[in-house]
file protein23.txt (compact mmCIF, C-alpha atoms)
# COMPACT_ATOMS: atom_id res chain seq x y z
CA MET A 1 23.90 65.05 37.98
CA HIS A 2 23.78 64.26 41.66
CA GLY A 3 23.30 66.10 44.90
CA PRO A 4 25.57 66.50 47.90
CA LEU A 5 27.57 63.50 49.02
CA THR A 6 26.31 62.95 52.54
CA GLY A 7 29.20 61.75 54.68
CA ALA A 8 31.88 62.51 52.07
CA SER A 9 34.97 64.16 53.59
CA HIS A 10 36.52 65.39 50.33
CA PRO A 11 35.63 65.47 46.63
CA THR A 12 36.55 62.45 44.52
CA PRO A 13 36.46 61.87 40.77
CA GLU A 14 32.99 61.01 39.52
CA PRO A 15 32.82 57.22 39.09
CA ASP A 16 31.72 55.56 35.87
CA LEU A 17 28.26 54.30 36.83
CA ALA A 18 27.88 52.48 33.51
CA HIS A 19 30.82 50.15 34.18
CA HIS A 20 29.88 46.59 35.17
CA GLY A 21 31.77 43.40 35.84
CA ASP A 22 31.17 41.89 32.42
CA ALA A 23 33.47 44.54 30.96
CA GLU A 24 36.37 43.00 32.91
CA VAL A 25 36.17 39.53 31.37
CA GLY A 26 37.72 38.37 28.12
CA ASP A 27 38.96 35.37 26.20
CA GLY A 28 41.44 33.30 28.16
CA LEU A 29 40.71 34.98 31.50
CA VAL A 30 39.46 33.19 34.59
CA ASP A 31 36.37 35.15 35.56
CA LEU A 32 36.33 36.40 39.14
CA ALA A 33 34.72 39.66 38.07
CA VAL A 34 31.10 38.61 37.41
CA ASN A 35 28.95 37.37 40.27
CA VAL A 36 26.93 34.87 38.22
CA ARG A 37 27.25 31.23 39.25
CA ARG A 38 28.33 28.93 36.45
CA ALA A 39 27.18 25.33 36.82
CA PRO A 40 25.23 22.79 34.75
CA MET A 41 21.56 23.72 34.61
CA PRO A 42 19.34 21.26 36.51
CA ALA A 43 16.71 19.43 34.49
CA TRP A 44 13.84 20.97 36.45
CA LEU A 45 14.99 24.38 35.14
CA GLY A 46 16.45 23.58 31.75
CA ASP A 47 13.57 21.42 30.54
CA PRO A 48 10.85 24.12 30.94
CA ILE A 49 13.07 26.73 29.30
CA ARG A 50 13.75 24.48 26.32
CA ALA A 51 10.09 23.51 26.07
CA ALA A 52 9.15 27.19 25.95
CA LEU A 53 11.15 27.57 22.75
CA ASP A 54 8.47 25.50 20.99
CA ASP A 55 5.81 28.04 21.96
CA LEU A 56 7.25 31.31 20.70
CA ALA A 57 4.48 32.08 18.20
CA GLY A 58 2.15 33.23 20.97
CA TYR A 59 2.62 36.36 23.03
CA PRO A 60 4.03 35.83 26.53
CA ASP A 61 1.47 35.19 29.27
CA PRO A 62 2.97 36.28 32.61
CA ARG A 63 0.05 35.14 34.78
CA PRO A 64 1.26 31.60 35.67
CA ALA A 65 4.76 32.80 36.54
CA ARG A 66 3.39 35.73 38.48
CA ALA A 67 1.19 33.40 40.53
CA ALA A 68 4.11 31.04 41.18
CA VAL A 69 6.41 33.83 42.38
CA ALA A 70 3.62 35.26 44.54
CA ALA A 71 3.05 31.89 46.19
CA ARG A 72 6.74 31.53 46.93
CA HIS A 73 6.79 34.83 48.81
CA ARG A 74 3.34 34.41 50.38
CA ARG A 75 1.86 37.38 48.56
CA PRO A 76 -1.14 37.87 46.27
CA PRO A 77 -0.26 38.01 42.55
CA GLU A 78 -1.02 41.73 42.30
CA GLU A 79 1.98 42.34 44.58
CA VAL A 80 4.38 40.87 42.00
CA LEU A 81 5.70 42.52 38.83
CA LEU A 82 7.89 40.40 36.57
CA THR A 83 10.74 42.25 34.84
CA ALA A 84 13.41 41.66 32.22
CA GLY A 85 16.06 41.27 34.88
CA ALA A 86 16.29 43.25 38.09
CA ALA A 87 17.90 46.14 36.19
CA GLU A 88 14.65 46.85 34.36
CA GLY A 89 12.99 47.39 37.71
CA PHE A 90 15.26 50.34 38.46
CA VAL A 91 14.39 51.94 35.13
CA LEU A 92 10.67 51.49 35.81
CA LEU A 93 11.09 53.10 39.23
CA ALA A 94 12.95 56.07 37.79
CA GLN A 95 10.33 56.60 35.09
CA ALA A 96 7.21 56.02 37.19
CA LEU A 97 8.28 58.01 40.26
CA ARG A 98 9.12 61.28 38.56
CA GLY A 99 7.38 63.22 41.32
CA VAL A 100 9.83 62.28 44.08
CA ARG A 101 11.55 65.29 45.62
CA ARG A 102 14.54 63.85 47.48
CA PRO A 103 15.77 60.48 46.17
CA VAL A 104 18.61 59.00 48.19
CA VAL A 105 20.86 56.13 47.13
CA VAL A 106 22.97 54.42 49.79
CA HIS A 107 26.48 53.65 48.51
CA PRO A 108 28.64 51.76 47.83
CA GLN A 109 26.11 49.66 45.96
CA PHE A 110 25.13 48.46 42.49
CA THR A 111 25.33 51.56 40.32
CA GLU A 112 22.34 50.93 38.07
CA PRO A 113 19.72 52.37 40.50
CA GLU A 114 21.44 55.76 40.54
CA ALA A 115 22.21 55.60 36.83
CA ALA A 116 18.54 54.97 36.04
CA LEU A 117 17.42 57.84 38.26
CA ARG A 118 19.90 60.26 36.72
CA ALA A 119 18.95 59.20 33.19
CA ALA A 120 15.33 60.07 34.04
CA GLY A 121 16.34 63.55 35.20
CA HIS A 122 16.34 63.04 38.98
CA THR A 123 18.83 64.83 41.20
CA VAL A 124 20.29 62.06 43.33
CA GLU A 125 21.67 62.41 46.83
CA ARG A 126 24.22 59.86 48.01
CA VAL A 127 24.70 58.56 51.52
CA LEU A 128 28.15 56.98 51.68
CA LEU A 129 28.68 54.20 54.20
CA ASP A 130 32.00 54.16 56.02
CA ALA A 131 34.68 51.59 55.18
CA ALA A 132 36.15 52.01 58.67
CA ASP A 133 32.75 50.92 60.03
CA ASP A 134 32.62 47.91 57.67
CA PHE A 135 30.02 49.67 55.51
CA ARG A 136 27.29 49.17 58.10
CA LEU A 137 23.99 51.00 57.77
CA HIS A 138 22.98 53.45 60.45
CA PRO A 139 19.31 54.29 59.79
CA ASP A 140 19.61 57.73 61.38
CA ARG A 141 21.99 58.80 58.59
CA ILE A 142 19.19 58.65 56.02
CA PRO A 143 17.56 62.10 55.64
CA ALA A 144 14.16 62.06 57.32
CA ASP A 145 12.48 63.77 54.38
CA ALA A 146 13.88 61.44 51.71
CA ASP A 147 10.86 60.17 49.79
CA LEU A 148 12.80 57.53 47.84
CA VAL A 149 15.56 55.45 49.46
CA MET A 150 17.49 52.73 47.62
CA ILE A 151 19.86 50.22 49.24
CA GLY A 152 21.13 46.72 48.49
CA ASN A 153 20.90 43.73 50.85
CA PRO A 154 23.23 41.95 50.67
CA THR A 155 24.98 44.87 49.07
CA ASN A 156 26.99 44.67 45.88
CA PRO A 157 29.99 45.21 46.03
CA THR A 158 30.57 45.21 49.81
CA SER A 159 28.92 41.81 50.48
CA VAL A 160 27.43 43.33 53.65
CA LEU A 161 24.15 41.84 54.88
CA HIS A 162 22.26 44.54 56.77
CA PRO A 163 19.92 43.54 59.62
CA ALA A 164 16.31 43.42 58.46
CA ALA A 165 15.31 45.51 61.48
CA ASP A 166 17.59 48.36 60.38
CA LEU A 167 16.11 48.31 56.90
CA ALA A 168 12.54 48.10 58.18
CA ALA A 169 13.25 51.17 60.32
CA LEU A 170 13.62 53.17 57.11
CA ALA A 171 10.03 52.51 55.98
CA ARG A 172 7.46 55.23 56.57
CA PRO A 173 4.34 56.66 54.93
CA GLY A 174 5.15 58.91 52.00
CA ARG A 175 8.45 57.17 51.24
CA VAL A 176 9.27 54.44 48.72
CA LEU A 177 11.90 52.16 50.24
CA VAL A 178 13.65 50.05 47.60
CA ILE A 179 15.65 47.05 48.83
CA ASP A 180 17.74 45.41 46.12
CA GLU A 181 17.74 41.72 47.07
CA ALA A 182 19.32 40.48 43.84
CA PHE A 183 21.74 38.39 45.93
CA ALA A 184 19.43 37.46 48.80
CA ASP A 185 19.32 33.83 47.69
CA THR A 186 23.12 33.61 48.09
CA THR A 187 22.94 34.22 51.85
CA ALA A 188 22.71 31.58 54.57
CA THR A 189 23.01 31.39 58.34
CA PRO A 190 23.62 27.96 59.93
CA GLY A 191 20.54 26.77 61.80
CA VAL A 192 18.35 29.53 60.36
CA PRO A 193 15.88 28.50 57.64
CA GLY A 194 15.34 30.65 54.58
CA GLU A 195 17.13 33.79 53.53
CA PRO A 196 18.43 35.71 56.56
CA GLU A 197 17.44 39.39 56.76
CA SER A 198 15.20 39.28 53.66
CA LEU A 199 12.13 41.54 53.58
CA ALA A 200 10.57 39.79 50.58
CA ALA A 201 7.61 38.45 52.56
CA ARG A 202 6.96 41.64 54.58
CA ARG A 203 3.62 43.19 53.65
CA ASP A 204 3.28 45.47 56.69
CA LEU A 205 5.91 48.07 55.79
CA PRO A 206 4.57 51.14 53.97
CA GLY A 207 6.17 51.89 50.62
CA LEU A 208 8.43 48.81 50.63
CA LEU A 209 9.56 47.59 47.23
CA VAL A 210 11.86 44.56 47.03
CA VAL A 211 13.86 43.92 43.87
CA ARG A 212 14.77 40.31 43.12
CA SER A 213 16.86 38.56 40.46
CA LEU A 214 16.95 34.98 39.22
CA THR A 215 20.09 35.42 37.13
CA LYS A 216 22.80 35.00 39.77
CA THR A 217 22.38 31.60 41.39
CA TRP A 218 20.93 29.92 38.31
CA GLY A 219 23.28 31.40 35.69
CA LEU A 220 20.51 33.12 33.72
CA ALA A 221 22.07 36.52 33.07
CA GLY A 222 21.55 36.06 29.34
CA LEU A 223 17.84 35.28 29.79
CA ARG A 224 16.94 38.46 31.75
CA ILE A 225 14.45 37.58 34.46
CA GLY A 226 13.72 39.29 37.77
CA TYR A 227 10.75 40.67 39.66
CA LEU A 228 9.52 43.32 42.06
CA LEU A 229 7.55 42.74 45.25
CA GLY A 230 5.48 45.47 46.86
CA GLU A 231 2.18 47.20 47.33
CA ALA A 232 -0.25 46.58 44.47
CA THR A 233 -0.91 50.28 43.91
CA LEU A 234 2.82 51.03 43.64
CA LEU A 235 3.44 48.14 41.27
CA ALA A 236 0.53 49.30 39.11
CA ARG A 237 2.32 52.63 38.62
CA LEU A 238 5.46 50.82 37.53
CA ALA A 239 3.55 48.45 35.25
CA ALA A 240 2.02 51.45 33.50
CA VAL A 241 5.45 52.48 32.16
CA GLN A 242 6.67 48.96 31.38
CA PRO A 243 6.78 47.95 27.70
CA LEU A 244 4.19 45.42 26.57
CA TRP A 245 5.32 41.78 26.83
CA ALA A 246 8.56 42.84 28.50
CA VAL A 247 9.39 39.34 29.77
CA ALA A 248 9.84 36.64 27.13
CA THR A 249 8.16 33.22 27.32
CA PRO A 250 11.39 31.28 28.14
CA ALA A 251 12.14 33.73 30.96
CA LEU A 252 8.62 33.27 32.32
CA ALA A 253 9.17 29.51 32.30
CA ALA A 254 12.35 30.04 34.31
CA ALA A 255 10.51 32.22 36.83
CA SER A 256 7.89 29.53 37.39
CA ALA A 257 10.51 26.81 37.79
CA CYS A 258 12.63 28.84 40.21
CA ALA A 259 9.62 29.45 42.46
CA THR A 260 9.03 25.75 43.18
CA ASP A 261 9.90 24.03 46.44
CA VAL A 262 12.55 22.00 44.61
CA ALA A 263 14.23 25.21 43.47
CA VAL A 264 14.10 26.86 46.88
CA GLN A 265 15.62 23.78 48.55
CA ALA A 266 18.36 23.72 45.92
CA GLU A 267 19.05 27.42 46.52
CA ARG A 268 19.49 26.81 50.21
CA ALA A 269 21.98 24.00 49.55
CA ILE A 270 23.91 26.16 47.09
CA ALA A 271 23.98 29.06 49.56
CA ALA A 272 25.35 26.78 52.28
CA GLN A 273 28.14 25.53 50.00
CA LEU A 274 28.82 29.10 48.94
CA ALA A 275 29.27 30.08 52.59
CA ASP A 276 31.96 27.42 52.98
CA ASP A 277 33.71 28.46 49.76
CA ARG A 278 33.51 32.12 50.79
CA ALA A 279 35.04 31.42 54.19
CA TYR A 280 37.86 29.55 52.49
CA LEU A 281 38.53 32.48 50.14
CA VAL A 282 38.52 34.94 53.04
CA ASP A 283 40.94 32.75 55.01
CA ARG A 284 43.32 32.50 52.07
CA LEU A 285 43.16 36.24 51.40
CA SER A 286 43.95 36.96 55.05
CA THR A 287 47.37 35.34 54.64
CA LEU A 288 48.45 37.88 52.02
CA PRO A 289 50.42 40.99 53.02
CA GLY A 290 48.51 44.26 52.97
CA VAL A 291 45.21 42.74 51.81
CA ARG A 292 42.15 43.63 53.90
CA VAL A 293 38.78 41.96 53.44
CA ALA A 294 35.96 44.38 54.16
CA GLY A 295 33.64 43.43 57.01
CA ARG A 296 32.03 40.00 57.14
CA PRO A 297 31.15 39.01 53.57
CA ALA A 298 27.74 37.37 53.21
CA SER A 299 27.23 36.93 49.47
CA ALA A 300 28.83 35.51 46.32
CA PHE A 301 31.73 37.98 46.36
CA VAL A 302 34.14 39.70 48.71
CA LEU A 303 35.46 43.25 48.69
CA VAL A 304 39.16 43.74 49.40
CA GLN A 305 41.32 46.79 49.94
CA ARG A 306 44.99 47.15 49.18
CA PRO A 307 47.02 50.21 48.22
CA GLY A 308 47.60 50.18 44.48
CA ALA A 309 44.81 47.70 43.79
CA ASP A 310 44.26 49.27 40.38
CA ARG A 311 47.76 48.22 39.35
CA LEU A 312 47.26 44.84 40.98
CA ARG A 313 44.17 44.30 38.84
CA ALA A 314 46.19 44.97 35.70
CA ASP A 315 48.90 42.55 36.83
CA LEU A 316 46.31 39.86 37.49
CA ARG A 317 44.85 40.41 34.07
CA GLU A 318 48.25 39.85 32.48
CA ARG A 319 48.46 36.57 34.39
CA GLY A 320 45.02 35.43 33.17
CA TRP A 321 42.68 36.51 35.98
CA ALA A 322 39.80 39.00 35.82
CA VAL A 323 38.61 40.77 38.98
CA ARG A 324 36.22 43.69 39.38
CA ARG A 325 37.64 47.19 39.79
CA GLY A 326 36.29 49.14 42.74
CA ASP A 327 36.72 52.74 41.64
CA THR A 328 33.48 52.82 39.63
CA PHE A 329 31.44 52.43 42.82
CA PRO A 330 30.67 55.68 44.67
CA GLY A 331 32.36 55.61 48.05
CA LEU A 332 35.24 53.39 46.98
CA GLY A 333 38.32 54.17 44.92
CA PRO A 334 41.37 52.67 43.17
CA ASP A 335 42.48 50.71 46.24
CA TRP A 336 39.46 48.39 46.13
CA LEU A 337 38.71 45.17 44.23
CA ARG A 338 35.71 42.85 44.20
CA ILE A 339 36.43 39.14 43.90
CA ALA A 340 33.79 36.52 43.09
CA VAL A 341 33.64 33.38 45.24
CA ARG A 342 34.48 30.22 43.32
CA ASP A 343 35.32 26.62 44.23
CA ARG A 344 38.38 25.90 46.38
CA ALA A 345 40.57 24.73 43.53
CA THR A 346 39.99 27.99 41.67
CA THR A 347 40.62 29.95 44.86
CA ASP A 348 43.90 28.12 45.49
CA ALA A 349 45.10 28.84 41.95
CA PHE A 350 44.10 32.49 42.25
CA ILE A 351 45.79 33.00 45.62
CA GLU A 352 48.99 31.42 44.30
CA VAL A 353 49.13 33.90 41.43
CA LEU A 354 48.14 36.83 43.64
CA ALA A 355 50.82 35.96 46.19
CA GLU A 356 53.46 35.80 43.47
CA ILE A 357 52.47 39.25 42.22
CA LEU A 358 52.55 40.74 45.71
CA GLU A 359 55.96 39.24 46.42
CA ALA A 360 57.49 40.49 43.17
call {"tool": "encode", "arguments": {"input": "protein23.txt", "output": "structure tokens"}}
result
Amino acid sequence: MHGPLTGASHPTPEPDLAHHGDAEVGDGLVDLAVNVRRAPMPAWLGDPIRAALDDLAGYPDPRPARAAVAARHRRPPEEVLLTAGAAEGFVLLAQALRGVRRPVVVHPQFTEPEAALRAAGHTVERVLLDAADDFRLHPDRIPADADLVMIGNPTNPTSVLHPAADLAALARPGRVLVIDEAFADTTATPGVPGEPESLAARRDLPGLLVVRSLTKTWGLAGLRIGYLLGEATLLARLAAVQPLWAVATPALAAASACATDVAVQAERAIAAQLADDRAYLVDRLSTLPGVRVAGRPASAFVLVQRPGADRLRADLRERGWAVRRGDTFPGLGPDWLRIAVRDRATTDAFIEVLAEILEA
């Protein structure tokens, strides 16, 4: 169940919130549907994970990893909650915050936050951002009395990076503001250190809760590791509904390794290369007839619009390419596709096939 669609001009079929990019992939397909980077694991990450496999008889101890993540984001350890992937964080929120009266989810975005709220019995209100406005956030469109607001930054699937000031303007006493930063480490601005527009280190905003993931850049989707950053009292409420030993020992080892200076420097280099590869993909897409790239993509994927994109996706699949359908995201529809950023050789091969399909 969900509430009124704020900003919706006409009713649309209810999207399948349980559909995710991994359902698009299959044997023999080039994967442009899943936003997980695939590259050899560096020794500084792989070695601790493998070493942890020799210590599985003991129960997981999250304290070292929690301290490492806290140090990375310049927070005390009590402001960090480690989770079995970022997705678990949304379930904890939905279960722990059963008393919220007006939860609002800003769409298009990752569907799991709304799915988790609905599964817990919440009535969800959607604020739909406008494609004609490049899916930009206007803070005044969020209902003033919303006591739970959820938004992604950068947002999946639009790849929009919202200004931190606009997001911070949504924080207020009596409201939990959830910023999904699962892809924050994929963003980069030339000449600007760190992750642009991230709120991960902000401790002055009331009710702020930042959701982070380590599975995207480091190819750890199968390990399930993420974390929440926020006020200690809020995190204590979420921890109270979390299963015991929710994060396994190898995942904790990964969290500690990814919080080191070596890891952060590597992330920045990867994000800079990703920016170049993304710009190349956008340039190549812009040469194709009738294909429109939404806004200014800032993450590991781009969102494109073309009439009949649902049929185009099927044609690509027949030719060996998997892309992400857009119609399962609230606020989009069958004319949208999400395409993961890959290396230039993969992009060239993809564009060649796509151009042939469009010209047929």
call {"tool": "atom_distance", "arguments": {"input": "protein23.txt", "atom1": "CA of Glu359 in chain A", "atom2": "CA of Val25 in chain A"}}
result
24.9 Å
call {"tool": "atom_distance", "arguments": {"input": "protein23.txt", "atom1": "CA of Pro42 in chain A", "atom2": "CA of Ala345 in chain A"}}
result
22.6 Å
call {"tool": "closest_residue", "arguments": {"input": "protein23.txt", "among": "A:Arg175, A:Arg317, A:Arg284, A:Arg74", "to": "Ala33 in chain A", "atoms": "all atoms listed in the file"}}
result
A:Arg317
call {"tool": "residues_around", "arguments": {"input": "protein23.txt", "residues": "range 106-108 of chain A", "least_positions_apart": "3", "cutoff": "10 Å", "atoms": "all atoms listed in the file", "output": "list of chain:residue names"}}
result
A:Leu5, A:Thr6, A:Thr111, A:Glu114, A:Glu125, A:Arg126, A:Val127, A:Leu128, A:Leu129, A:Asp130, A:Ala131, A:Phe135, A:Leu137, A:Arg141, A:Ile142, A:Val149, A:Met150, A:Ile151, A:Gly152, A:Thr155, A:Asn156, A:Pro157, A:Thr158, A:Gly326, A:Thr328, A:Phe329, A:Pro330, A:Gly331, A:Leu332
call {"tool": "closest_atom_pairs", "arguments": {"input": "protein23.txt", "of": "range 96-195 of chain A", "to": "range 209-220 of chain A", "cutoff": "12 Å", "atoms": "only C-alpha atoms", "output": "CSV"}}
result
residue,atom,partner,partner_atom,distance
A:Pro113,CA,A:Val211,CA,10.8
A:Leu148,CA,A:Leu209,CA,10.5
A:Val149,CA,A:Leu209,CA,10.1
A:Met150,CA,A:Leu209,CA,9.5
A:Ile151,CA,A:Val210,CA,10.0
A:Gly152,CA,A:Val211,CA,9.1
A:Asn153,CA,A:Val210,CA,9.8
A:Pro154,CA,A:Arg212,CA,11.5
A:Leu167,CA,A:Val210,CA,11.4
A:Ala168,CA,A:Leu209,CA,11.4
A:Ala171,CA,A:Leu209,CA,10.0
A:Arg175,CA,A:Leu209,CA,10.4
A:Val176,CA,A:Leu209,CA,7.0
A:Leu177,CA,A:Leu209,CA,6.0
A:Val178,CA,A:Leu209,CA,4.8
A:Ile179,CA,A:Val210,CA,4.9
A:Asp180,CA,A:Val211,CA,4.7
A:Glu181,CA,A:Arg212,CA,5.1
A:Ala182,CA,A:Ser213,CA,4.6
A:Phe183,CA,A:Lys216,CA,7.1
A:Ala184,CA,A:Arg212,CA,7.9
A:Asp185,CA,A:Thr217,CA,7.4
A:Thr186,CA,A:Thr217,CA,7.0
A:Thr187,CA,A:Thr217,CA,10.8
call {"tool": "closest_atom_pairs", "arguments": {"input": "protein23.txt", "of": "range 190-268 of chain A", "to": "range 51-63 of chain A", "cutoff": "7 Å", "atoms": "all atoms listed in the file", "output": "JSON lines"}}
result
{"residue": "A:Trp245", "atom": "CA", "partner": "A:Pro60", "partner_atom": "CA", "distance": 6.1}
{"residue": "A:Ala248", "atom": "CA", "partner": "A:Pro60", "partner_atom": "CA", "distance": 5.9}
{"residue": "A:Thr249", "atom": "CA", "partner": "A:Pro60", "partner_atom": "CA", "distance": 4.9}
{"residue": "A:Pro250", "atom": "CA", "partner": "A:Ala52", "partner_atom": "CA", "distance": 5.2}
{"residue": "A:Leu252", "atom": "CA", "partner": "A:Pro62", "partner_atom": "CA", "distance": 6.4}
{"residue": "A:Ala253", "atom": "CA", "partner": "A:Ala52", "partner_atom": "CA", "distance": 6.8}
call {"tool": "residues_around", "arguments": {"input": "protein23.txt", "residues": "Val91 in chain A", "least_positions_apart": "4", "cutoff": "12 Å", "atoms": "all atoms listed in the file", "output": "NGL selection string"}}
result
:A and (83-87 or 95-98 or 112-122 or 211 or 238-239 or 241-243)
call {"tool": "atom_distance", "arguments": {"input": "protein23.txt", "atom1": "CA of Glu318 in chain A", "atom2": "CA of Glu14 in chain A"}}
result
27.0 Å
call {"tool": "closest_residue", "arguments": {"input": "protein23.txt", "among": "A:Leu29, A:Ala188, A:Val69, A:Leu358", "to": "Arg319 in chain A", "atoms": "all atoms listed in the file"}}
result
A:Leu29
call {"tool": "closest_residue", "arguments": {"input": "protein23.txt", "among": "A:Leu161, A:Ala251, A:Ala132, A:Ala314", "to": "Ile225 in chain A", "atoms": "all atoms listed in the file"}}
result
A:Ala251
call {"tool": "closest_residue", "arguments": {"input": "protein23.txt", "among": "A:Phe350, A:Glu24, A:Leu285, A:Leu82", "to": "Leu244 in chain A", "atoms": "all atoms listed in the file"}}
result
A:Leu82
call {"tool": "closest_residue", "arguments": {"input": "protein23.txt", "among": "A:Asp335, A:Asp327, A:Asp133, A:Glu356", "to": "Asp16 in chain A", "atoms": "all atoms listed in the file"}}
result
A:Asp327
call {"tool": "axis_aligned_box", "arguments": {"input": "protein23.txt", "around": "range 279-289 of chain A", "padding_each_side": "4 Å", "output": "AutoDock Vina command-line options"}}
result
--center_x 42.7 --center_y 35.3 --center_z 52.6 --size_x 23.4 --size_y 19.4 --size_z 12.9
call {"tool": "closest_residue", "arguments": {"input": "protein23.txt", "among": "A:Asp145, A:Asp315, A:Asp204, A:Asp31", "to": "Ile339 in chain A", "atoms": "all atoms listed in the file"}}
result
A:Asp31
call {"tool": "build_atoms", "arguments": {"input": "protein23.txt", "residues": "range 121-144 of chain A", "atoms": "N, CA and C atoms", "output": "PDB file, keeping the file's coordinate frame"}}
result
ATOM      1  N   GLY A 121      16.353  62.140  34.826  1.00  0.00           N
ATOM      2  CA  GLY A 121      16.340  63.550  35.200  1.00  0.00           C
ATOM      3  C   GLY A 121      16.284  63.838  36.678  1.00  0.00           C
ATOM      4  N   HIS A 122      16.370  62.817  37.528  1.00  0.00           N
ATOM      5  CA  HIS A 122      16.340  63.040  38.980  1.00  0.00           C
ATOM      6  C   HIS A 122      17.684  63.574  39.468  1.00  0.00           C
ATOM      7  N   THR A 123      17.634  64.412  40.476  1.00  0.00           N
ATOM      8  CA  THR A 123      18.830  64.830  41.200  1.00  0.00           C
ATOM      9  C   THR A 123      19.006  63.882  42.379  1.00  0.00           C
ATOM     10  N   VAL A 124      20.093  63.145  42.383  1.00  0.00           N
ATOM     11  CA  VAL A 124      20.290  62.060  43.330  1.00  0.00           C
ATOM     12  C   VAL A 124      21.213  62.494  44.458  1.00  0.00           C
ATOM     13  N   GLU A 125      20.818  62.168  45.667  1.00  0.00           N
ATOM     14  CA  GLU A 125      21.670  62.410  46.830  1.00  0.00           C
ATOM     15  C   GLU A 125      22.254  61.084  47.282  1.00  0.00           C
ATOM     16  N   ARG A 126      23.545  61.079  47.567  1.00  0.00           N
ATOM     17  CA  ARG A 126      24.220  59.860  48.010  1.00  0.00           C
ATOM     18  C   ARG A 126      24.484  59.893  49.509  1.00  0.00           C
ATOM     19  N   VAL A 127      24.234  58.787  50.156  1.00  0.00           N
ATOM     20  CA  VAL A 127      24.700  58.560  51.520  1.00  0.00           C
ATOM     21  C   VAL A 127      25.792  57.514  51.419  1.00  0.00           C
ATOM     22  N   LEU A 128      27.009  57.867  51.800  1.00  0.00           N
ATOM     23  CA  LEU A 128      28.150  56.980  51.680  1.00  0.00           C
ATOM     24  C   LEU A 128      28.417  56.283  53.016  1.00  0.00           C
ATOM     25  N   LEU A 129      28.359  54.965  53.005  1.00  0.00           N
ATOM     26  CA  LEU A 129      28.680  54.200  54.200  1.00  0.00           C
ATOM     27  C   LEU A 129      30.188  54.147  54.390  1.00  0.00           C
ATOM     28  N   ASP A 130      30.603  53.965  55.637  1.00  0.00           N
ATOM     29  CA  ASP A 130      32.000  54.160  56.020  1.00  0.00           C
ATOM     30  C   ASP A 130      32.755  52.830  55.984  1.00  0.00           C
ATOM     31  N   ALA A 131      33.855  52.793  55.234  1.00  0.00           N
ATOM     32  CA  ALA A 131      34.680  51.590  55.180  1.00  0.00           C
ATOM     33  C   ALA A 131      35.241  51.239  56.547  1.00  0.00           C
ATOM     34  N   ALA A 132      35.590  52.259  57.338  1.00  0.00           N
ATOM     35  CA  ALA A 132      36.150  52.010  58.670  1.00  0.00           C
ATOM     36  C   ALA A 132      35.122  51.387  59.603  1.00  0.00           C
ATOM     37  N   ASP A 133      33.851  51.502  59.252  1.00  0.00           N
ATOM     38  CA  ASP A 133      32.750  50.920  60.030  1.00  0.00           C
ATOM     39  C   ASP A 133      32.195  49.683  59.327  1.00  0.00           C
ATOM     40  N   ASP A 134      33.007  49.103  58.431  1.00  0.00           N
ATOM     41  CA  ASP A 134      32.620  47.910  57.670  1.00  0.00           C
ATOM     42  C   ASP A 134      31.356  48.115  56.861  1.00  0.00           C
ATOM     43  N   PHE A 135      31.142  49.337  56.399  1.00  0.00           N
ATOM     44  CA  PHE A 135      30.020  49.670  55.510  1.00  0.00           C
ATOM     45  C   PHE A 135      28.656  49.326  56.125  1.00  0.00           C
ATOM     46  N   ARG A 136      28.564  49.447  57.446  1.00  0.00           N
ATOM     47  CA  ARG A 136      27.290  49.170  58.100  1.00  0.00           C
ATOM     48  C   ARG A 136      26.328  50.330  57.941  1.00  0.00           C
ATOM     49  N   LEU A 137      25.050  49.987  57.875  1.00  0.00           N
ATOM     50  CA  LEU A 137      23.990  51.000  57.770  1.00  0.00           C
ATOM     51  C   LEU A 137      23.606  51.499  59.147  1.00  0.00           C
ATOM     52  N   HIS A 138      23.539  52.815  59.269  1.00  0.00           N
ATOM     53  CA  HIS A 138      22.980  53.450  60.450  1.00  0.00           C
ATOM     54  C   HIS A 138      21.730  54.203  59.985  1.00  0.00           C
ATOM     55  N   PRO A 139      20.545  53.707  60.324  1.00  0.00           N
ATOM     56  CA  PRO A 139      19.310  54.290  59.790  1.00  0.00           C
ATOM     57  C   PRO A 139      19.188  55.792  60.006  1.00  0.00           C
ATOM     58  N   ASP A 140      19.766  56.304  61.094  1.00  0.00           N
ATOM     59  CA  ASP A 140      19.610  57.730  61.380  1.00  0.00           C
ATOM     60  C   ASP A 140      20.410  58.611  60.420  1.00  0.00           C
ATOM     61  N   ARG A 141      21.240  58.017  59.570  1.00  0.00           N
ATOM     62  CA  ARG A 141      21.990  58.800  58.590  1.00  0.00           C
ATOM     63  C   ARG A 141      21.174  59.077  57.329  1.00  0.00           C
ATOM     64  N   ILE A 142      20.039  58.418  57.187  1.00  0.00           N
ATOM     65  CA  ILE A 142      19.190  58.650  56.020  1.00  0.00           C
ATOM     66  C   ILE A 142      18.339  59.895  56.293  1.00  0.00           C
ATOM     67  N   PRO A 143      18.355  60.887  55.405  1.00  0.00           N
ATOM     68  CA  PRO A 143      17.560  62.100  55.640  1.00  0.00           C
ATOM     69  C   PRO A 143      16.092  61.774  55.890  1.00  0.00           C
ATOM     70  N   ALA A 144      15.531  62.376  56.919  1.00  0.00           N
ATOM     71  CA  ALA A 144      14.160  62.060  57.320  1.00  0.00           C
ATOM     72  C   ALA A 144      13.156  62.371  56.228  1.00  0.00           C
TER      73      ALA A 144
END
